[in-house]
Amino acid sequence: MCQRVIANTPKFLLFDLQSALETKHLLFCADYVLVWPRNSGCTLYLGTSSHNIAPGQLALLAPFSPHRFEFESTNKGGVETQCDVLHFRLNALGQTFIDSVQFSAIKQMLDKARSGYLFDVAADSNVNKYLQVINNSYDFSQVLNLLHLLEVLSTQTRNCLTDCDYDVVDSQRIENKVRIVLKYIEENLGEPLSVTMVANQLHMADSTFSRFFHANLGVTFRQYLIEQRVRQAVRYLITTDWTIAQIGAEVGFSSLSNFNAKFKNIIRVTPREYRASHLNKQHYHANYRSVVGQLQNQLV
């Protein structure tokens with residue numbers, strides 16, 4: 001019986017350090033994943049294969065690699081098992097940087113990581129040095145730590161974890177599909193969009209599309225659609241003299257009450273209150289980027 005695969009896409013731009021959690025179901029995400037046990041080994045289930053990873057070893061998984069962890073809750077002496085997982089993605093670095101000569105060795109390693117890699121990490125090695133200092137702070141030094149870690153790993157001897165007995169989706173094909181979906185939503189925002197209508201653009205079943213969308217966007221299709229409609233409504237509230245009802249209908253809300261409720265849930269005030277508070281801020285008319293930045297801050 002096949003295990004259920006669920007989406008797990010943390011919300012971050014470049015990298016995020018987490019503690020490994022034991023799950024009953026396989027996880028997949030749109031990120032590269034580094035796994036290293038700190039004080040005791042763990043079992044990594046990758047697709048239909050399993051691998052024991054001991055302290056002093058490091059596993060690298062490619063995006064969309066179904067995986068889960070299994071380990072004892074406590075180590076010898078009652079010490080809680082510690083196993084760290086570092087999720088990282090490349091799009092925040094920019095395509096020009098990723099395609100640069102300086103990044104080529106790292107890119108080559110990552111491009112060939114679809115079967116998963118296992119590294120042996122000595123306690124006095126540079127790999128361990130960077131593993132010990134990397135954390136989730138916003139210091140620029142942490143970006144450098146990640147790049148240094150990847151650079152050192154690209155020079156290390158590594159072994160493939162599996163023969164890739166599961167389907168690994170080509171990242172470029174994924175990006176193209178996401179681009180098609182987002183463009184379709186943007187161009188038809190005022191229409192009564194449904195999962196079926198958008199799924200048809202990719203020739204997917206509704207359930208398959210819903211999993212695909214959540215895995216790559218980090219939110220459900222419905223959540224994303226509501227947020228985009230509210231974003232567009234904010235622009236109209238600031239730049240037009242349309243009535244609240246007109247704006248709600250223009251961005252695709254079925255009723256004024258629904259528009260008011262969804263808008264307030266995201267922006268924390270009603271459309272009327274939002275417009276009133278911005279009537280005397282003429283710079284919003286002249287500077288579109290200020291509108292977007294201000295909205296993004298409120299959404300966060």
# chains A, B, ... in the order shown; residues from 1 in each chain; ligands from 1
>>> residues_around(residues="stretch 128-140 of chain A", least_positions_apart="5", cutoff="8 Å", atoms="only C-alpha atoms", output="MDAnalysis selection string")
chainID A and resid 15:17 121:123 145:146 148:149
>>> select_by_dssp(residues="stretch 50-242 of chain A", states="strand (DSSP E or B)", output="list in words")
Ser50, His51, Asn52, Ile53, Gln57, Leu58, Ala59, Leu60, Leu61, His67, Arg68, Phe69, Glu70, Thr74, Glu80, Cys83, Asp84, Val85, Leu86, His87, Phe88, Tyr117, Leu118, Phe119, Asp120, Asn159 and Cys160 of chain A
>>> residues_around(residues="A:Arg275", least_positions_apart="2", cutoff="10 Å", atoms="only C-alpha atoms", output="compact mmCIF listing (two decimals) with all heavy atoms, in the first residue's frame")
# COMPACT_ATOMS: atom_id res chain seq x y z
N VAL A 234 -7.28 46.89 -3.17
CA VAL A 234 -6.55 47.98 -2.52
C VAL A 234 -6.08 49.00 -3.55
O VAL A 234 -6.19 50.22 -3.35
CB VAL A 234 -5.36 47.44 -1.71
CG1 VAL A 234 -4.39 48.56 -1.34
CG2 VAL A 234 -5.84 46.74 -0.46
N TYR A 236 -7.46 49.64 -6.46
CA TYR A 236 -8.61 50.38 -6.95
C TYR A 236 -9.12 51.39 -5.91
O TYR A 236 -9.57 52.49 -6.26
CB TYR A 236 -9.75 49.41 -7.32
CG TYR A 236 -9.49 48.61 -8.58
CD1 TYR A 236 -10.02 47.33 -8.74
CD2 TYR A 236 -8.74 49.15 -9.63
CE1 TYR A 236 -9.81 46.59 -9.91
CE2 TYR A 236 -8.52 48.42 -10.79
CZ TYR A 236 -9.05 47.16 -10.93
OH TYR A 236 -8.83 46.44 -12.08
N LEU A 237 -9.10 51.01 -4.64
CA LEU A 237 -9.55 51.92 -3.59
C LEU A 237 -8.72 53.20 -3.56
O LEU A 237 -9.24 54.28 -3.27
CB LEU A 237 -9.47 51.22 -2.22
CG LEU A 237 -10.53 50.17 -1.93
CD1 LEU A 237 -10.16 49.37 -0.69
CD2 LEU A 237 -11.91 50.82 -1.75
N ILE A 238 -7.45 53.08 -3.89
CA ILE A 238 -6.55 54.22 -3.82
C ILE A 238 -6.54 55.03 -5.10
O ILE A 238 -6.45 56.26 -5.08
CB ILE A 238 -5.11 53.73 -3.48
CG1 ILE A 238 -5.09 53.13 -2.08
CG2 ILE A 238 -4.10 54.87 -3.59
CD1 ILE A 238 -3.78 52.45 -1.74
N THR A 239 -6.68 54.36 -6.24
CA THR A 239 -6.46 55.04 -7.52
C THR A 239 -7.74 55.35 -8.30
O THR A 239 -7.67 55.96 -9.36
CB THR A 239 -5.56 54.17 -8.42
OG1 THR A 239 -6.17 52.89 -8.65
CG2 THR A 239 -4.20 53.95 -7.76
N ASP A 241 -12.28 56.32 -8.11
CA ASP A 241 -13.38 56.81 -7.30
C ASP A 241 -14.59 55.89 -7.41
O ASP A 241 -15.73 56.27 -7.15
CB ASP A 241 -13.76 58.24 -7.70
CG ASP A 241 -14.18 58.33 -9.17
OD1 ASP A 241 -14.13 57.29 -9.88
OD2 ASP A 241 -14.56 59.43 -9.61
N ILE A 244 -17.52 51.10 -3.39
CA ILE A 244 -17.01 49.87 -2.77
C ILE A 244 -17.62 48.65 -3.46
O ILE A 244 -16.94 47.66 -3.74
CB ILE A 244 -17.33 49.85 -1.27
CG1 ILE A 244 -16.77 51.08 -0.56
CG2 ILE A 244 -16.79 48.57 -0.62
CD1 ILE A 244 -15.27 51.20 -0.64
N VAL A 269 -9.03 46.18 8.38
CA VAL A 269 -10.04 47.25 8.35
C VAL A 269 -10.95 46.99 7.16
O VAL A 269 -10.61 46.22 6.25
CB VAL A 269 -9.41 48.66 8.24
CG1 VAL A 269 -8.58 48.99 9.47
CG2 VAL A 269 -8.56 48.76 6.96
N THR A 270 -12.12 47.64 7.13
CA THR A 270 -13.03 47.48 6.01
C THR A 270 -12.52 48.27 4.81
O THR A 270 -11.69 49.19 4.97
CB THR A 270 -14.44 47.98 6.37
OG1 THR A 270 -14.39 49.40 6.57
CG2 THR A 270 -14.96 47.28 7.62
N PRO A 271 -13.01 47.97 3.59
CA PRO A 271 -12.61 48.75 2.42
C PRO A 271 -12.90 50.24 2.59
O PRO A 271 -12.08 51.09 2.20
CB PRO A 271 -13.44 48.14 1.29
CG PRO A 271 -13.71 46.74 1.74
CD PRO A 271 -13.86 46.83 3.22
N ARG A 272 -14.04 50.58 3.17
CA ARG A 272 -14.41 51.98 3.36
C ARG A 272 -13.44 52.68 4.32
O ARG A 272 -13.00 53.81 4.08
CB ARG A 272 -15.84 52.08 3.89
CG ARG A 272 -16.41 53.51 3.87
CD ARG A 272 -17.87 53.50 4.29
NE ARG A 272 -18.67 52.65 3.42
CZ ARG A 272 -19.10 53.01 2.22
NH1 ARG A 272 -18.80 54.22 1.73
NH2 ARG A 272 -19.83 52.17 1.49
N GLU A 273 -13.08 52.00 5.40
CA GLU A 273 -12.13 52.57 6.36
C GLU A 273 -10.75 52.73 5.74
O GLU A 273 -10.06 53.72 5.98
CB GLU A 273 -12.06 51.68 7.60
CG GLU A 273 -13.32 51.68 8.45
CD GLU A 273 -13.33 50.60 9.51
OE1 GLU A 273 -12.59 49.59 9.35
OE2 GLU A 273 -14.08 50.74 10.48
N SER A 277 -8.81 56.40 5.16
CA SER A 277 -7.52 56.68 5.81
C SER A 277 -6.44 57.05 4.81
O SER A 277 -5.38 57.54 5.19
CB SER A 277 -7.07 55.47 6.62
OG SER A 277 -6.74 54.38 5.76
N HIS A 278 -6.71 56.84 3.50
CA HIS A 278 -5.69 57.11 2.48
C HIS A 278 -6.09 58.25 1.53
O HIS A 278 -5.35 58.54 0.59
CB HIS A 278 -5.40 55.85 1.67
CG HIS A 278 -4.65 54.81 2.45
ND1 HIS A 278 -5.27 54.00 3.37
CD2 HIS A 278 -3.34 54.46 2.45
CE1 HIS A 278 -4.38 53.18 3.90
NE2 HIS A 278 -3.21 53.44 3.36
N LEU A 279 -7.22 58.88 1.74
CA LEU A 279 -7.65 59.93 0.83
C LEU A 279 -6.67 61.10 0.80
O LEU A 279 -6.54 61.78 -0.22
CB LEU A 279 -9.04 60.44 1.24
CG LEU A 279 -10.21 59.52 0.88
CD1 LEU A 279 -11.52 60.10 1.38
CD2 LEU A 279 -10.28 59.30 -0.63
N ASN A 280 -6.01 61.37 1.91
CA ASN A 280 -5.11 62.52 1.96
C ASN A 280 -3.66 62.14 1.68
O ASN A 280 -2.75 62.93 1.93
CB ASN A 280 -5.17 63.18 3.34
CG ASN A 280 -4.76 62.23 4.45
OD1 ASN A 280 -4.71 61.02 4.23
ND2 ASN A 280 -4.47 62.77 5.62
>>> select_by_dssp(residues="stretch 116-273 of chain A", states="alpha helix (DSSP H)", output="short mmCIF file (atom, residue, chain, number, x, y, z; two decimals) with N, CA, C and O atoms, in the first residue's frame")
data_model
loop_
_atom_site.label_atom_id
_atom_site.label_comp_id
_atom_site.auth_asym_id
_atom_site.auth_seq_id
_atom_site.Cartn_x
_atom_site.Cartn_y
_atom_site.Cartn_z
N ASN A 126 35.65 21.53 7.48
CA ASN A 126 35.00 22.81 7.22
C ASN A 126 33.49 22.67 7.11
O ASN A 126 32.74 23.59 7.45
N VAL A 127 33.03 21.50 6.63
CA VAL A 127 31.59 21.26 6.55
C VAL A 127 30.98 21.36 7.94
O VAL A 127 29.98 22.06 8.16
N ASN A 128 31.58 20.67 8.90
CA ASN A 128 31.06 20.71 10.27
C ASN A 128 31.16 22.11 10.87
O ASN A 128 30.29 22.54 11.63
N LYS A 129 32.21 22.82 10.50
CA LYS A 129 32.39 24.20 10.97
C LYS A 129 31.19 25.06 10.60
O LYS A 129 30.65 25.80 11.45
N TYR A 130 30.74 24.98 9.35
CA TYR A 130 29.61 25.81 8.91
C TYR A 130 28.29 25.27 9.43
O TYR A 130 27.37 26.06 9.70
N LEU A 131 28.17 23.96 9.61
CA LEU A 131 26.95 23.40 10.18
C LEU A 131 26.72 23.89 11.60
O LEU A 131 25.58 24.09 12.03
N GLN A 132 27.81 24.10 12.34
CA GLN A 132 27.70 24.50 13.74
C GLN A 132 27.29 25.96 13.90
O GLN A 132 26.69 26.33 14.91
N VAL A 133 27.58 26.80 12.93
CA VAL A 133 27.32 28.24 13.11
C VAL A 133 26.10 28.74 12.35
O VAL A 133 25.61 29.83 12.61
N PHE A 140 23.71 38.97 7.43
CA PHE A 140 24.19 38.62 6.09
C PHE A 140 25.23 37.51 6.17
O PHE A 140 25.39 36.73 5.22
N SER A 141 25.91 37.41 7.30
CA SER A 141 26.92 36.37 7.46
C SER A 141 26.31 34.98 7.32
O SER A 141 27.00 34.03 6.91
N GLN A 142 25.00 34.85 7.63
CA GLN A 142 24.37 33.55 7.51
C GLN A 142 24.18 33.15 6.05
O GLN A 142 24.22 31.97 5.71
N VAL A 143 23.98 34.12 5.17
CA VAL A 143 23.92 33.83 3.74
C VAL A 143 25.28 33.32 3.28
O VAL A 143 25.38 32.34 2.53
N LEU A 144 26.34 33.97 3.75
CA LEU A 144 27.69 33.55 3.40
C LEU A 144 27.99 32.16 3.96
O LEU A 144 28.64 31.34 3.30
N ASN A 145 27.50 31.87 5.18
CA ASN A 145 27.70 30.55 5.76
C ASN A 145 27.08 29.47 4.89
O ASN A 145 27.67 28.41 4.66
N LEU A 146 25.86 29.73 4.39
CA LEU A 146 25.19 28.76 3.53
C LEU A 146 25.98 28.55 2.24
O LEU A 146 26.19 27.42 1.80
N LEU A 147 26.42 29.64 1.61
CA LEU A 147 27.17 29.53 0.37
C LEU A 147 28.50 28.81 0.59
O LEU A 147 28.92 27.98 -0.23
N HIS A 148 29.17 29.12 1.70
CA HIS A 148 30.43 28.43 2.02
C HIS A 148 30.18 26.94 2.23
O HIS A 148 30.96 26.09 1.77
N LEU A 149 29.09 26.61 2.93
CA LEU A 149 28.76 25.21 3.18
C LEU A 149 28.54 24.47 1.87
O LEU A 149 29.08 23.36 1.67
N LEU A 150 27.78 25.05 0.97
CA LEU A 150 27.52 24.41 -0.33
C LEU A 150 28.80 24.29 -1.16
O LEU A 150 29.02 23.29 -1.85
N GLU A 151 29.65 25.32 -1.07
CA GLU A 151 30.90 25.29 -1.81
C GLU A 151 31.78 24.14 -1.34
O GLU A 151 32.36 23.39 -2.15
N VAL A 152 31.89 23.97 -0.02
CA VAL A 152 32.73 22.89 0.52
C VAL A 152 32.13 21.53 0.17
O VAL A 152 32.85 20.60 -0.22
N LEU A 153 30.81 21.40 0.27
CA LEU A 153 30.17 20.13 -0.07
C LEU A 153 30.39 19.75 -1.53
O LEU A 153 30.53 18.57 -1.87
N SER A 171 12.46 20.61 -12.28
CA SER A 171 12.15 21.91 -11.68
C SER A 171 11.73 22.95 -12.72
O SER A 171 10.88 23.79 -12.45
N GLN A 172 12.31 22.89 -13.91
CA GLN A 172 11.95 23.86 -14.93
C GLN A 172 10.52 23.66 -15.40
O GLN A 172 9.78 24.63 -15.63
N ARG A 173 10.10 22.41 -15.51
CA ARG A 173 8.71 22.13 -15.90
C ARG A 173 7.76 22.63 -14.81
O ARG A 173 6.70 23.17 -15.11
N ILE A 174 8.15 22.46 -13.57
CA ILE A 174 7.33 22.94 -12.46
C ILE A 174 7.18 24.45 -12.54
O ILE A 174 6.08 25.01 -12.42
N GLU A 175 8.30 25.15 -12.74
CA GLU A 175 8.25 26.61 -12.82
C GLU A 175 7.37 27.08 -13.97
O GLU A 175 6.63 28.06 -13.84
N ASN A 176 7.45 26.40 -15.10
CA ASN A 176 6.62 26.77 -16.25
C ASN A 176 5.13 26.60 -15.94
O ASN A 176 4.30 27.45 -16.31
N LYS A 177 4.79 25.50 -15.24
CA LYS A 177 3.39 25.27 -14.90
C LYS A 177 2.89 26.31 -13.91
O LYS A 177 1.76 26.80 -14.03
N VAL A 178 3.72 26.64 -12.93
CA VAL A 178 3.34 27.66 -11.95
C VAL A 178 3.12 29.00 -12.65
O VAL A 178 2.17 29.72 -12.36
N ARG A 179 3.99 29.32 -13.60
CA ARG A 179 3.88 30.58 -14.33
C ARG A 179 2.56 30.63 -15.13
O ARG A 179 1.89 31.67 -15.17
N ILE A 180 2.20 29.53 -15.74
CA ILE A 180 0.94 29.47 -16.51
C ILE A 180 -0.25 29.72 -15.59
O ILE A 180 -1.16 30.49 -15.91
N VAL A 181 -0.24 29.07 -14.43
CA VAL A 181 -1.35 29.21 -13.48
C VAL A 181 -1.47 30.64 -12.97
O VAL A 181 -2.57 31.21 -12.96
N LEU A 182 -0.36 31.23 -12.54
CA LEU A 182 -0.41 32.58 -11.97
C LEU A 182 -0.83 33.60 -13.01
O LEU A 182 -1.57 34.55 -12.70
N LYS A 183 -0.38 33.43 -14.24
CA LYS A 183 -0.77 34.35 -15.30
C LYS A 183 -2.26 34.23 -15.59
O LYS A 183 -2.96 35.25 -15.78
N TYR A 184 -2.79 33.01 -15.60
CA TYR A 184 -4.21 32.80 -15.86
C TYR A 184 -5.06 33.43 -14.76
O TYR A 184 -6.07 34.08 -15.03
N ILE A 185 -4.63 33.26 -13.51
CA ILE A 185 -5.37 33.86 -12.39
C ILE A 185 -5.35 35.38 -12.49
O ILE A 185 -6.38 36.04 -12.32
N GLU A 186 -4.19 35.93 -12.80
CA GLU A 186 -4.06 37.39 -12.90
C GLU A 186 -4.96 37.95 -14.00
O GLU A 186 -5.60 39.00 -13.82
N GLU A 187 -5.01 37.28 -15.13
CA GLU A 187 -5.79 37.79 -16.26
C GLU A 187 -7.29 37.55 -16.11
O GLU A 187 -8.08 38.14 -16.85
N VAL A 195 -11.35 25.85 -8.88
CA VAL A 195 -10.22 24.92 -9.00
C VAL A 195 -10.28 24.20 -10.34
O VAL A 195 -9.26 24.04 -11.02
N THR A 196 -11.47 23.80 -10.74
CA THR A 196 -11.62 23.06 -12.00
C THR A 196 -11.17 23.89 -13.19
O THR A 196 -10.46 23.39 -14.08
N MET A 197 -11.58 25.16 -13.22
CA MET A 197 -11.23 26.03 -14.35
C MET A 197 -9.72 26.19 -14.47
O MET A 197 -9.16 26.12 -15.58
N VAL A 198 -9.04 26.40 -13.34
CA VAL A 198 -7.60 26.62 -13.39
C VAL A 198 -6.88 25.29 -13.62
O VAL A 198 -5.88 25.23 -14.35
N ALA A 199 -7.36 24.22 -13.01
CA ALA A 199 -6.74 22.91 -13.21
C ALA A 199 -6.77 22.50 -14.67
O ALA A 199 -5.84 21.85 -15.17
N ASN A 200 -7.81 22.89 -15.38
CA ASN A 200 -7.92 22.56 -16.81
C ASN A 200 -6.80 23.18 -17.63
O ASN A 200 -6.44 22.65 -18.70
N GLN A 201 -6.24 24.30 -17.16
CA GLN A 201 -5.14 24.94 -17.88
C GLN A 201 -3.90 24.05 -17.90
O GLN A 201 -3.06 24.16 -18.80
N ASP A 206 -8.76 17.89 -10.37
CA ASP A 206 -8.87 18.90 -9.31
C ASP A 206 -7.98 18.57 -8.11
O ASP A 206 -7.28 19.44 -7.59
N SER A 207 -8.03 17.33 -7.64
CA SER A 207 -7.25 16.96 -6.45
C SER A 207 -5.75 17.04 -6.72
O SER A 207 -4.99 17.49 -5.86
N THR A 208 -5.32 16.63 -7.90
CA THR A 208 -3.90 16.70 -8.26
C THR A 208 -3.44 18.15 -8.32
O THR A 208 -2.37 18.51 -7.82
N PHE A 209 -4.27 19.00 -8.93
CA PHE A 209 -3.93 20.41 -9.03
C PHE A 209 -3.84 21.06 -7.65
O PHE A 209 -2.94 21.85 -7.39
N SER A 210 -4.77 20.74 -6.76
CA SER A 210 -4.76 21.32 -5.42
C SER A 210 -3.49 20.98 -4.68
O SER A 210 -2.88 21.84 -4.02
N ARG A 211 -3.03 19.73 -4.79
CA ARG A 211 -1.76 19.34 -4.14
C ARG A 211 -0.59 20.05 -4.80
O ARG A 211 0.34 20.52 -4.12
N PHE A 212 -0.62 20.12 -6.12
CA PHE A 212 0.45 20.79 -6.86
C PHE A 212 0.55 22.26 -6.46
O PHE A 212 1.64 22.78 -6.20
N PHE A 213 -0.58 22.94 -6.38
CA PHE A 213 -0.60 24.37 -6.07
C PHE A 213 -0.07 24.61 -4.66
O PHE A 213 0.78 25.48 -4.44
N HIS A 214 -0.55 23.86 -3.69
CA HIS A 214 -0.12 24.05 -2.30
C HIS A 214 1.36 23.75 -2.13
O HIS A 214 2.06 24.45 -1.38
N ALA A 215 1.86 22.73 -2.82
CA ALA A 215 3.27 22.36 -2.69
C ALA A 215 4.20 23.44 -3.21
O ALA A 215 5.29 23.65 -2.68
N ASN A 216 3.77 24.17 -4.24
CA ASN A 216 4.64 25.13 -4.88
C ASN A 216 4.40 26.57 -4.45
O ASN A 216 5.29 27.41 -4.58
N LEU A 217 3.22 26.89 -3.94
CA LEU A 217 2.91 28.25 -3.50
C LEU A 217 2.87 28.38 -1.99
O LEU A 217 2.91 29.49 -1.45
N PHE A 221 -5.17 27.09 -3.14
CA PHE A 221 -5.62 27.89 -4.28
C PHE A 221 -6.61 28.96 -3.82
O PHE A 221 -6.53 30.12 -4.23
N ARG A 222 -7.56 28.60 -2.96
CA ARG A 222 -8.56 29.55 -2.49
C ARG A 222 -7.93 30.69 -1.71
O ARG A 222 -8.30 31.86 -1.88
N GLN A 223 -6.96 30.38 -0.85
CA GLN A 223 -6.28 31.43 -0.08
C GLN A 223 -5.55 32.40 -1.00
O GLN A 223 -5.59 33.61 -0.81
N TYR A 224 -4.86 31.84 -1.98
CA TYR A 224 -4.11 32.68 -2.91
C TYR A 224 -5.05 33.58 -3.71
O TYR A 224 -4.78 34.78 -3.88
N LEU A 225 -6.16 33.03 -4.18
CA LEU A 225 -7.10 33.79 -4.99
C LEU A 225 -7.69 34.96 -4.20
O LEU A 225 -7.76 36.09 -4.71
N ILE A 226 -8.07 34.70 -2.96
CA ILE A 226 -8.63 35.77 -2.12
C ILE A 226 -7.60 36.87 -1.89
O ILE A 226 -7.91 38.06 -1.98
N GLU A 227 -6.36 36.47 -1.60
CA GLU A 227 -5.31 37.47 -1.35
C GLU A 227 -5.07 38.34 -2.58
O GLU A 227 -4.93 39.57 -2.47
N GLN A 228 -5.03 37.73 -3.76
CA GLN A 228 -4.80 38.51 -4.98
C GLN A 228 -5.95 39.45 -5.27
O GLN A 228 -5.76 40.58 -5.74
N ARG A 229 -7.18 39.02 -4.98
CA ARG A 229 -8.33 39.89 -5.19
C ARG A 229 -8.31 41.08 -4.23
O ARG A 229 -8.63 42.21 -4.60
N VAL A 230 -7.91 40.83 -3.00
CA VAL A 230 -7.81 41.92 -2.03
C VAL A 230 -6.70 42.88 -2.43
O VAL A 230 -6.85 44.11 -2.32
N ARG A 231 -5.58 42.37 -2.89
CA ARG A 231 -4.49 43.23 -3.36
C ARG A 231 -4.96 44.16 -4.47
O ARG A 231 -4.67 45.36 -4.47
N GLN A 232 -5.68 43.60 -5.44
CA GLN A 232 -6.18 44.42 -6.54
C GLN A 232 -7.21 45.42 -6.05
O GLN A 232 -7.25 46.57 -6.52
N ALA A 233 -8.03 45.01 -5.10
CA ALA A 233 -9.04 45.92 -4.54
C ALA A 233 -8.37 47.12 -3.87
O ALA A 233 -8.85 48.25 -3.98
N VAL A 234 -7.28 46.89 -3.17
CA VAL A 234 -6.55 47.98 -2.52
C VAL A 234 -6.08 49.00 -3.55
O VAL A 234 -6.19 50.22 -3.35
N ARG A 235 -5.59 48.52 -4.67
CA ARG A 235 -5.13 49.43 -5.72
C ARG A 235 -6.29 50.28 -6.24
O ARG A 235 -6.15 51.49 -6.46
N TYR A 236 -7.46 49.64 -6.46
CA TYR A 236 -8.61 50.38 -6.95
C TYR A 236 -9.12 51.39 -5.91
O TYR A 236 -9.57 52.49 -6.26
N LEU A 237 -9.10 51.01 -4.64
CA LEU A 237 -9.55 51.92 -3.59
C LEU A 237 -8.72 53.20 -3.56
O LEU A 237 -9.24 54.28 -3.27
N ILE A 238 -7.45 53.08 -3.89
CA ILE A 238 -6.55 54.22 -3.82
C ILE A 238 -6.54 55.03 -5.10
O ILE A 238 -6.45 56.26 -5.08
N THR A 239 -6.68 54.36 -6.24
CA THR A 239 -6.46 55.04 -7.52
C THR A 239 -7.74 55.35 -8.30
O THR A 239 -7.67 55.96 -9.36
N ILE A 244 -17.52 51.10 -3.39
CA ILE A 244 -17.01 49.87 -2.77
C ILE A 244 -17.62 48.65 -3.46
O ILE A 244 -16.94 47.66 -3.74
N ALA A 245 -18.91 48.73 -3.77
CA ALA A 245 -19.59 47.61 -4.43
C ALA A 245 -19.01 47.34 -5.81
O ALA A 245 -18.82 46.19 -6.22
N GLN A 246 -18.71 48.43 -6.57
CA GLN A 246 -18.12 48.27 -7.90
C GLN A 246 -16.77 47.58 -7.83
O GLN A 246 -16.45 46.69 -8.63
N ILE A 247 -15.97 47.99 -6.86
CA ILE A 247 -14.63 47.41 -6.74
C ILE A 247 -14.72 45.94 -6.36
O ILE A 247 -14.00 45.09 -6.92
N GLY A 248 -15.61 45.61 -5.42
CA GLY A 248 -15.77 44.21 -5.03
C GLY A 248 -16.15 43.34 -6.21
O GLY A 248 -15.62 42.24 -6.39
N ALA A 249 -17.08 43.82 -7.02
CA ALA A 249 -17.51 43.06 -8.19
C ALA A 249 -16.39 42.97 -9.23
O ALA A 249 -16.21 41.93 -9.88
N GLU A 250 -15.63 44.06 -9.39
CA GLU A 250 -14.57 44.10 -10.39
C GLU A 250 -13.47 43.07 -10.11
O GLU A 250 -12.88 42.51 -11.04
N LEU A 256 -21.18 42.09 -1.80
CA LEU A 256 -20.52 43.15 -1.04
C LEU A 256 -20.15 42.67 0.36
O LEU A 256 -19.06 42.98 0.87
N SER A 257 -21.02 41.89 0.98
CA SER A 257 -20.73 41.40 2.33
C SER A 257 -19.53 40.47 2.34
O SER A 257 -18.68 40.51 3.24
N ASN A 258 -19.42 39.63 1.31
CA ASN A 258 -18.27 38.73 1.20
C ASN A 258 -16.99 39.52 0.99
O ASN A 258 -15.95 39.22 1.58
N PHE A 259 -17.06 40.55 0.14
CA PHE A 259 -15.91 41.41 -0.11
C PHE A 259 -15.45 42.09 1.17
O PHE A 259 -14.26 42.07 1.52
N ASN A 260 -16.38 42.68 1.91
CA ASN A 260 -16.04 43.36 3.15
C ASN A 260 -15.39 42.41 4.16
O ASN A 260 -14.41 42.74 4.83
N ALA A 261 -15.95 41.20 4.27
CA ALA A 261 -15.45 40.23 5.25
C ALA A 261 -14.03 39.77 4.90
O ALA A 261 -13.15 39.71 5.77
N LYS A 262 -13.79 39.41 3.63
CA LYS A 262 -12.47 38.93 3.22
C LYS A 262 -11.43 40.05 3.30
O LYS A 262 -10.29 39.82 3.70
N PHE A 263 -11.82 41.26 2.91
CA PHE A 263 -10.92 42.39 2.96
C PHE A 263 -10.48 42.67 4.40
O PHE A 263 -9.29 42.82 4.69
N LYS A 264 -11.44 42.72 5.31
CA LYS A 264 -11.12 43.01 6.70
C LYS A 264 -10.29 41.90 7.33
O LYS A 264 -9.43 42.14 8.18
N ASN A 265 -10.52 40.68 6.93
CA ASN A 265 -9.76 39.55 7.47
C ASN A 265 -8.27 39.66 7.14
O ASN A 265 -7.41 39.26 7.93
N ILE A 266 -7.96 40.23 5.97
CA ILE A 266 -6.56 40.35 5.54
C ILE A 266 -5.95 41.69 5.93
O ILE A 266 -4.84 41.75 6.47
N ILE A 267 -6.66 42.79 5.67
CA ILE A 267 -6.12 44.13 5.89
C ILE A 267 -6.43 44.65 7.29
O ILE A 267 -5.84 45.62 7.75
N PRO A 271 -13.01 47.97 3.59
CA PRO A 271 -12.61 48.75 2.42
C PRO A 271 -12.90 50.24 2.59
O PRO A 271 -12.08 51.09 2.20
N ARG A 272 -14.04 50.58 3.17
CA ARG A 272 -14.41 51.98 3.36
C ARG A 272 -13.44 52.68 4.32
O ARG A 272 -13.00 53.81 4.08
N GLU A 273 -13.08 52.00 5.40
CA GLU A 273 -12.13 52.57 6.36
C GLU A 273 -10.75 52.73 5.74
O GLU A 273 -10.06 53.72 5.98
#
>>> residues_around(residues="A:Asp120", least_positions_apart="3", cutoff="7 Å", atoms="only C-alpha atoms", output="JSON, numbers by chain")
{"A": [56, 57, 58]}
>>> write_last_selection(atoms="C-alpha atoms", output="compact mmCIF listing (two decimals), in the first residue's frame")
# COMPACT_ATOMS: atom_id res chain seq x y z
CA GLY A 56 28.98 12.50 11.33
CA GLN A 57 26.95 12.03 8.16
CA LEU A 58 24.96 14.52 6.10
>>> residues_around(residues="A:Lys107", least_positions_apart="3", cutoff="10 Å", atoms="only C-alpha atoms", output="ChimeraX atom specification")
/A:90,98-104,110-113,150-151,154
>>> atom_distance(atom1="atom CA of A:Glu70", atom2="atom CA of A:Phe88")
21.7 Å
>>> residues_around(residues="A:Arg89", least_positions_apart="3", cutoff="9 Å", atoms="only C-alpha atoms", output="ChimeraX atom specification")
/A:12-15,30-33,63,92-93
>>> residues_around(residues="A:Tyr117", least_positions_apart="2", cutoff="7 Å", atoms="only C-alpha atoms", output="list in words")
Ala59, Leu60, Leu61, Ala113, Ser115, Phe119, Arg158, Asn159, Cys160 and Leu161 of chain A
>>> closest_residue(among="A:Cys29, A:Ala20, A:Ala54, A:Met204", to="A:Cys42", atoms="only C-alpha atoms")
A:Ala54
>>> closest_residue(among="A:Leu202, A:Ala276, A:Ala62, A:Leu27", to="A:Tyr45", atoms="only C-alpha atoms")
A:Leu27
